Amino acid sequence: MSTAGALAIGTVAAPVVTAAAALLAPTTRSADRLNLGGALVTAALALAVAVIAIAAAPGAAAAGGWYVLDPAAGVFLALVAVVGLASAVVSPAHLRHAGRSWFGERRSHVYYYAAFHLFWAALLALPLAGNLALAWLLIEATTAASALLVAFSGKRSALEAGWKYVVLTTLGLAVALLGIVVLFAAAGGSSLSALDWSTLAGGAAALPAQATLFAFVLIVVGLAAKIGWAPVHNWLPDAHSEAPPPVSALLSAALLPTVLLIAWRAKLALEPALGSSAVQDLFCGFGLVSLAVAVPFLWRPLPWKRLLAYSSLEHMGVLALGIGFGTPLAIAGVLVHVAGHGIAKSLGFYTAIPLLRQDPASARRAPRGVARGSRATAGAMTVSLLSLAGLPPSPLFVSELMVLLGGMDAGLLGVSALAAVLLALGFLGLAHALIEGLLGEGRKRGTGPAPRSARALALLASAAAAALLALTVAAYALPGSDLVASLTGGGS
């Protein structure tokens, strides 16, 4: 076995081992320590694999029996590693004040960490999956683990959100499974290796066009329910707003774009059989509808986490447009957008931990007057929301501009113009929400963040701001790079 293969296996095995160890932890403090130690090991392994994958020359991806290491895997693996590590680090702070959960009071930490690390393991395996059927199984595994975490508080609203999440995403995955079966039959495969990305890409030109198009539409429409594209996004606002903030960060910043990667891989592999027009129409359609549905909600006063959830719908729409356009400039924008959204959205959900202590009503209504209660919370809100709104020098401004210009390069001027209008409206909605949240008339306060928590949040916001600025600078080097070239050609 190669070094890369061993590291890939270790990346997935480390959180599974951590989950098992957490179940045996005798005390809450020992569970916290196991969580942090396991997270550091997992992130280090994942980032090492990501570096190997990103450094792979175009067309020279390493592959094993179940995994593929190409630049796309590297980018998304790095994203999942960083978001997962940050979520693991802030989880103890959330659990200290979370109160009773549906797991019970004594062992809630233990079960939380077990479910969290199993969820993270499935997410880490997903970008590495070298086979469409395996990818489907891993997406289903993320549903099982994350549903427990969505319902973690045990409140009726959380249980309903968890059940809604399971039902709607499982229905979507059933549609995707039907598409995979149709594709397998069209490929005339005798084993599941016929669904390897490399096999699909190599034989795509010989596939029957109509059956392949039917299968592809089923796969993408089914995955859309998990990605959170409108109009099959109905689970997303409830699940994101009810899950613990560290879990919401993983759902929004890691799960949604990582499932999108599977739809993207299917596009790259099957496009020779489908033609670019049908693929472009499908992705651009989901992108525009998602933007159009998100904008009215971004203009409404919403609870903090629910606002972030609808922002996720908007940003998944941007990614759909970029992948649909498919030009080098648009793909460069997609890569920048994935990373920038992951950083800014995670920070936004982590901000909910002290915000809900400072202003408990923010769980039910839009936050108001946060700046008068905690400068650290206000600063983190500002960095997160202005970045998500796409205000320069946010990398999301650069990425959205790249995507829109990429659409023009693709000859889709009307689609780009409509998307630009919707993004401008989304910007105004998020900017208004931030102003009201910081400076609006305040309400009766809770305990507020402790000085130590405030310092930790300020440090986290500063690190996020620095990373976002660095990403803005790096964005200008992406168009024309080998990384982008590897994602505008064939499949893995």
# chains A, B, ... in the order shown; residues from 1 in each chain; ligands from 1
call {"tool": "closest_atom_pairs", "arguments": {"of": "region 105-161 of chain A", "to": "region 245-264 of chain A", "cutoff": "8 Å", "atoms": "only C-alpha atoms", "output": "JSON lines"}}
result
{"residue": "A:Phe116", "atom": "CA", "partner": "A:Val247", "partner_atom": "CA", "distance": 7.6}
{"residue": "A:Leu123", "atom": "CA", "partner": "A:Leu255", "partner_atom": "CA", "distance": 6.7}
{"residue": "A:Leu126", "atom": "CA", "partner": "A:Thr258", "partner_atom": "CA", "distance": 7.0}
{"residue": "A:Pro127", "atom": "CA", "partner": "A:Thr258", "partner_atom": "CA", "distance": 6.6}
{"residue": "A:Leu132", "atom": "CA", "partner": "A:Ile262", "partner_atom": "CA", "distance": 7.7}
{"residue": "A:Ala135", "atom": "CA", "partner": "A:Ile262", "partner_atom": "CA", "distance": 7.2}
{"residue": "A:Ile139", "atom": "CA", "partner": "A:Val259", "partner_atom": "CA", "distance": 7.1}
{"residue": "A:Ser146", "atom": "CA", "partner": "A:Val247", "partner_atom": "CA", "distance": 7.8}
{"residue": "A:Leu149", "atom": "CA", "partner": "A:Val247", "partner_atom": "CA", "distance": 7.0}
{"residue": "A:Val150", "atom": "CA", "partner": "A:Val247", "partner_atom": "CA", "distance": 7.5}
call {"tool": "residues_around", "arguments": {"residues": "Leu404 (chain A)", "least_positions_apart": "3", "cutoff": "8 Å", "atoms": "only C-alpha atoms", "output": "ChimeraX atom specification"}}
result
/A:322,330,400-401,407-408,416-417,419-420
call {"tool": "atom_distance", "arguments": {"atom1": "CA of Leu418 (chain A)", "atom2": "CA of Ser486 (chain A)"}}
result
28.9 Å
call {"tool": "closest_residue", "arguments": {"among": "A:Val338, A:Ala211, A:Ala456, A:Leu356", "to": "Leu274 (chain A)", "atoms": "only C-alpha atoms"}}
result
A:Ala211
call {"tool": "closest_residue", "arguments": {"among": "A:Val75, A:Leu218, A:Leu268, A:Leu422", "to": "Leu288 (chain A)", "atoms": "only C-alpha atoms"}}
result
A:Leu422
call {"tool": "select_by_dssp", "arguments": {"residues": "region 15-203 of chain A", "states": "strand (DSSP E or B)", "output": "list in words"}}
result
Ala62, Ala63, Tyr67, Val68, Leu69, Ala129, Asn131 and Asp196 of chain A
call {"tool": "write_last_selection", "arguments": {"atoms": "C-alpha atoms", "output": "JSON list (two decimals), in the first residue's frame"}}
result
[["chain", "number", "residue", "atom", "x", "y", "z"],
["A", 62, "ALA", "CA", -3.48, 8.51, -7.38],
["A", 63, "ALA", "CA", -6.18, 5.89, -6.88],
["A", 67, "TYR", "CA", -10.18, 6.13, -2.97],
["A", 68, "VAL", "CA", -9.01, 8.75, -5.41],
["A", 69, "LEU", "CA", -6.51, 11.51, -4.63],
["A", 129, "ALA", "CA", -14.52, 8.12, -2.57],
["A", 131, "ASN", "CA", -16.72, 5.18, -6.81],
["A", 196, "ASP", "CA", -15.56, 4.10, -10.53]]
call {"tool": "residues_around", "arguments": {"residues": "Ala115 (chain A)", "least_positions_apart": "3", "cutoff": "9 Å", "atoms": "only C-alpha atoms", "output": "list of chain:residue names"}}
result
A:Ala19, A:Val110, A:Tyr111, A:Tyr112, A:Leu118, A:Phe119, A:Trp120, A:Ala145, A:Ser146, A:Leu148, A:Leu149
call {"tool": "atom_distance", "arguments": {"atom1": "CA of Ala22 (chain A)", "atom2": "CA of Leu40 (chain A)"}}
result
14.7 Å
call {"tool": "atom_distance", "arguments": {"atom1": "CA of Ala380 (chain A)", "atom2": "CA of Leu460 (chain A)"}}
result
8.0 Å
call {"tool": "select_by_dssp", "arguments": {"residues": "region 102-173 of chain A", "states": "alpha helix (DSSP H)", "output": "NGL selection string"}}
result
:A and (108-128 or 132-150 or 156-173)
call {"tool": "residues_around", "arguments": {"residues": "region 387-397 of chain A", "least_positions_apart": "5", "cutoff": "6 Å", "atoms": "only C-alpha atoms", "output": "PyMOL selection string"}}
result
chain A and resi 337+340+427+430+472
call {"tool": "write_last_selection", "arguments": {"atoms": "C-alpha atoms", "output": "short mmCIF file (atom, residue, chain, number, x, y, z; two decimals), in the first residue's frame"}}
result
data_model
loop_
_atom_site.label_atom_id
_atom_site.label_comp_id
_atom_site.auth_asym_id
_atom_site.auth_seq_id
_atom_site.Cartn_x
_atom_site.Cartn_y
_atom_site.Cartn_z
CA HIS A 337 -16.16 30.36 -2.86
CA GLY A 340 -14.43 31.45 1.79
CA PHE A 427 -26.12 41.60 -0.12
CA LEU A 430 -27.54 40.58 4.88
CA THR A 472 -8.67 37.02 -1.36
#
call {"tool": "closest_residue", "arguments": {"among": "A:Ala458, A:Ala194, A:Ile331, A:Ala465", "to": "Ala378 (chain A)", "atoms": "only C-alpha atoms"}}
result
A:Ala458
call {"tool": "residues_around", "arguments": {"residues": "region 432-443 of chain A", "least_positions_apart": "6", "cutoff": "9 Å", "atoms": "only C-alpha atoms", "output": "PyMOL selection string"}}
result
chain A and resi 298-302+304+307+359+361+366-373+378+381-382+385-386
call {"tool": "residues_around", "arguments": {"residues": "Ala464 (chain A)", "least_positions_apart": "3", "cutoff": "8 Å", "atoms": "only C-alpha atoms", "output": "ChimeraX atom specification"}}
result
/A:343-344,347,383,460-461,467-468
call {"tool": "write_last_selection", "arguments": {"atoms": "N, CA and C atoms", "output": "short mmCIF file (atom, residue, chain, number, x, y, z; two decimals), in the first residue's frame"}}
result
data_model
loop_
_atom_site.label_atom_id
_atom_site.label_comp_id
_atom_site.auth_asym_id
_atom_site.auth_seq_id
_atom_site.Cartn_x
_atom_site.Cartn_y
_atom_site.Cartn_z
N ILE A 343 -15.11 29.19 5.80
CA ILE A 343 -14.54 29.96 6.91
C ILE A 343 -15.58 30.90 7.51
N ALA A 344 -16.24 31.69 6.65
CA ALA A 344 -17.18 32.71 7.15
C ALA A 344 -18.41 32.08 7.78
N LEU A 347 -17.57 30.52 11.25
CA LEU A 347 -17.46 31.57 12.26
C LEU A 347 -18.83 32.06 12.68
N VAL A 383 -17.49 40.12 10.94
CA VAL A 383 -16.59 39.42 10.02
C VAL A 383 -17.37 38.37 9.22
N LEU A 460 -10.71 33.77 17.51
CA LEU A 460 -11.26 33.00 16.40
C LEU A 460 -11.66 33.92 15.24
N ALA A 461 -12.29 35.05 15.58
CA ALA A 461 -12.70 36.00 14.55
C ALA A 461 -11.48 36.61 13.85
N ALA A 467 -7.49 34.64 7.54
CA ALA A 467 -7.59 33.59 6.53
C ALA A 467 -8.40 34.06 5.32
N LEU A 468 -9.47 34.82 5.56
CA LEU A 468 -10.28 35.33 4.47
C LEU A 468 -9.50 36.31 3.60
#
call {"tool": "residues_around", "arguments": {"residues": "Ala176 (chain A)", "least_positions_apart": "3", "cutoff": "9 Å", "atoms": "only C-alpha atoms", "output": "ChimeraX atom specification"}}
result
/A:136,171-173,179-181,215-223
call {"tool": "write_last_selection", "arguments": {"atoms": "C-alpha atoms", "output": "PDB file, in the first residue's frame"}}
result
ATOM      1  CA  TRP A 136     -23.861   7.320  -2.178  1.00  0.00           C
ATOM      2  CA  LEU A 171     -36.225  10.422  -0.254  1.00  0.00           C
ATOM      3  CA  GLY A 172     -33.768  12.441  -2.302  1.00  0.00           C
ATOM      4  CA  LEU A 173     -31.091   9.786  -1.951  1.00  0.00           C
ATOM      5  CA  GLY A 179     -30.281   7.094 -11.109  1.00  0.00           C
ATOM      6  CA  ILE A 180     -27.194   5.100 -10.129  1.00  0.00           C
ATOM      7  CA  VAL A 181     -29.001   1.836 -10.959  1.00  0.00           C
ATOM      8  CA  ALA A 215     -29.685   8.673 -14.945  1.00  0.00           C
ATOM      9  CA  PHE A 216     -27.714  11.900 -14.531  1.00  0.00           C
ATOM     10  CA  VAL A 217     -30.833  13.991 -13.942  1.00  0.00           C
ATOM     11  CA  LEU A 218     -32.045  11.512 -11.315  1.00  0.00           C
ATOM     12  CA  ILE A 219     -28.662  11.537  -9.574  1.00  0.00           C
ATOM     13  CA  VAL A 220     -28.358  15.329  -9.471  1.00  0.00           C
ATOM     14  CA  VAL A 221     -31.994  15.930  -8.493  1.00  0.00           C
ATOM     15  CA  GLY A 222     -31.659  13.337  -5.733  1.00  0.00           C
ATOM     16  CA  LEU A 223     -28.422  14.818  -4.431  1.00  0.00           C
TER      17      LEU A 223
END
call {"tool": "closest_residue", "arguments": {"among": "A:Ile54, A:Leu236, A:Ala6, A:Ala31", "to": "Leu483 (chain A)", "atoms": "only C-alpha atoms"}}
result
A:Ile54
call {"tool": "closest_residue", "arguments": {"among": "A:Leu319, A:Ala72, A:Ala147, A:Ala470", "to": "Val484 (chain A)", "atoms": "only C-alpha atoms"}}
result
A:Ala72
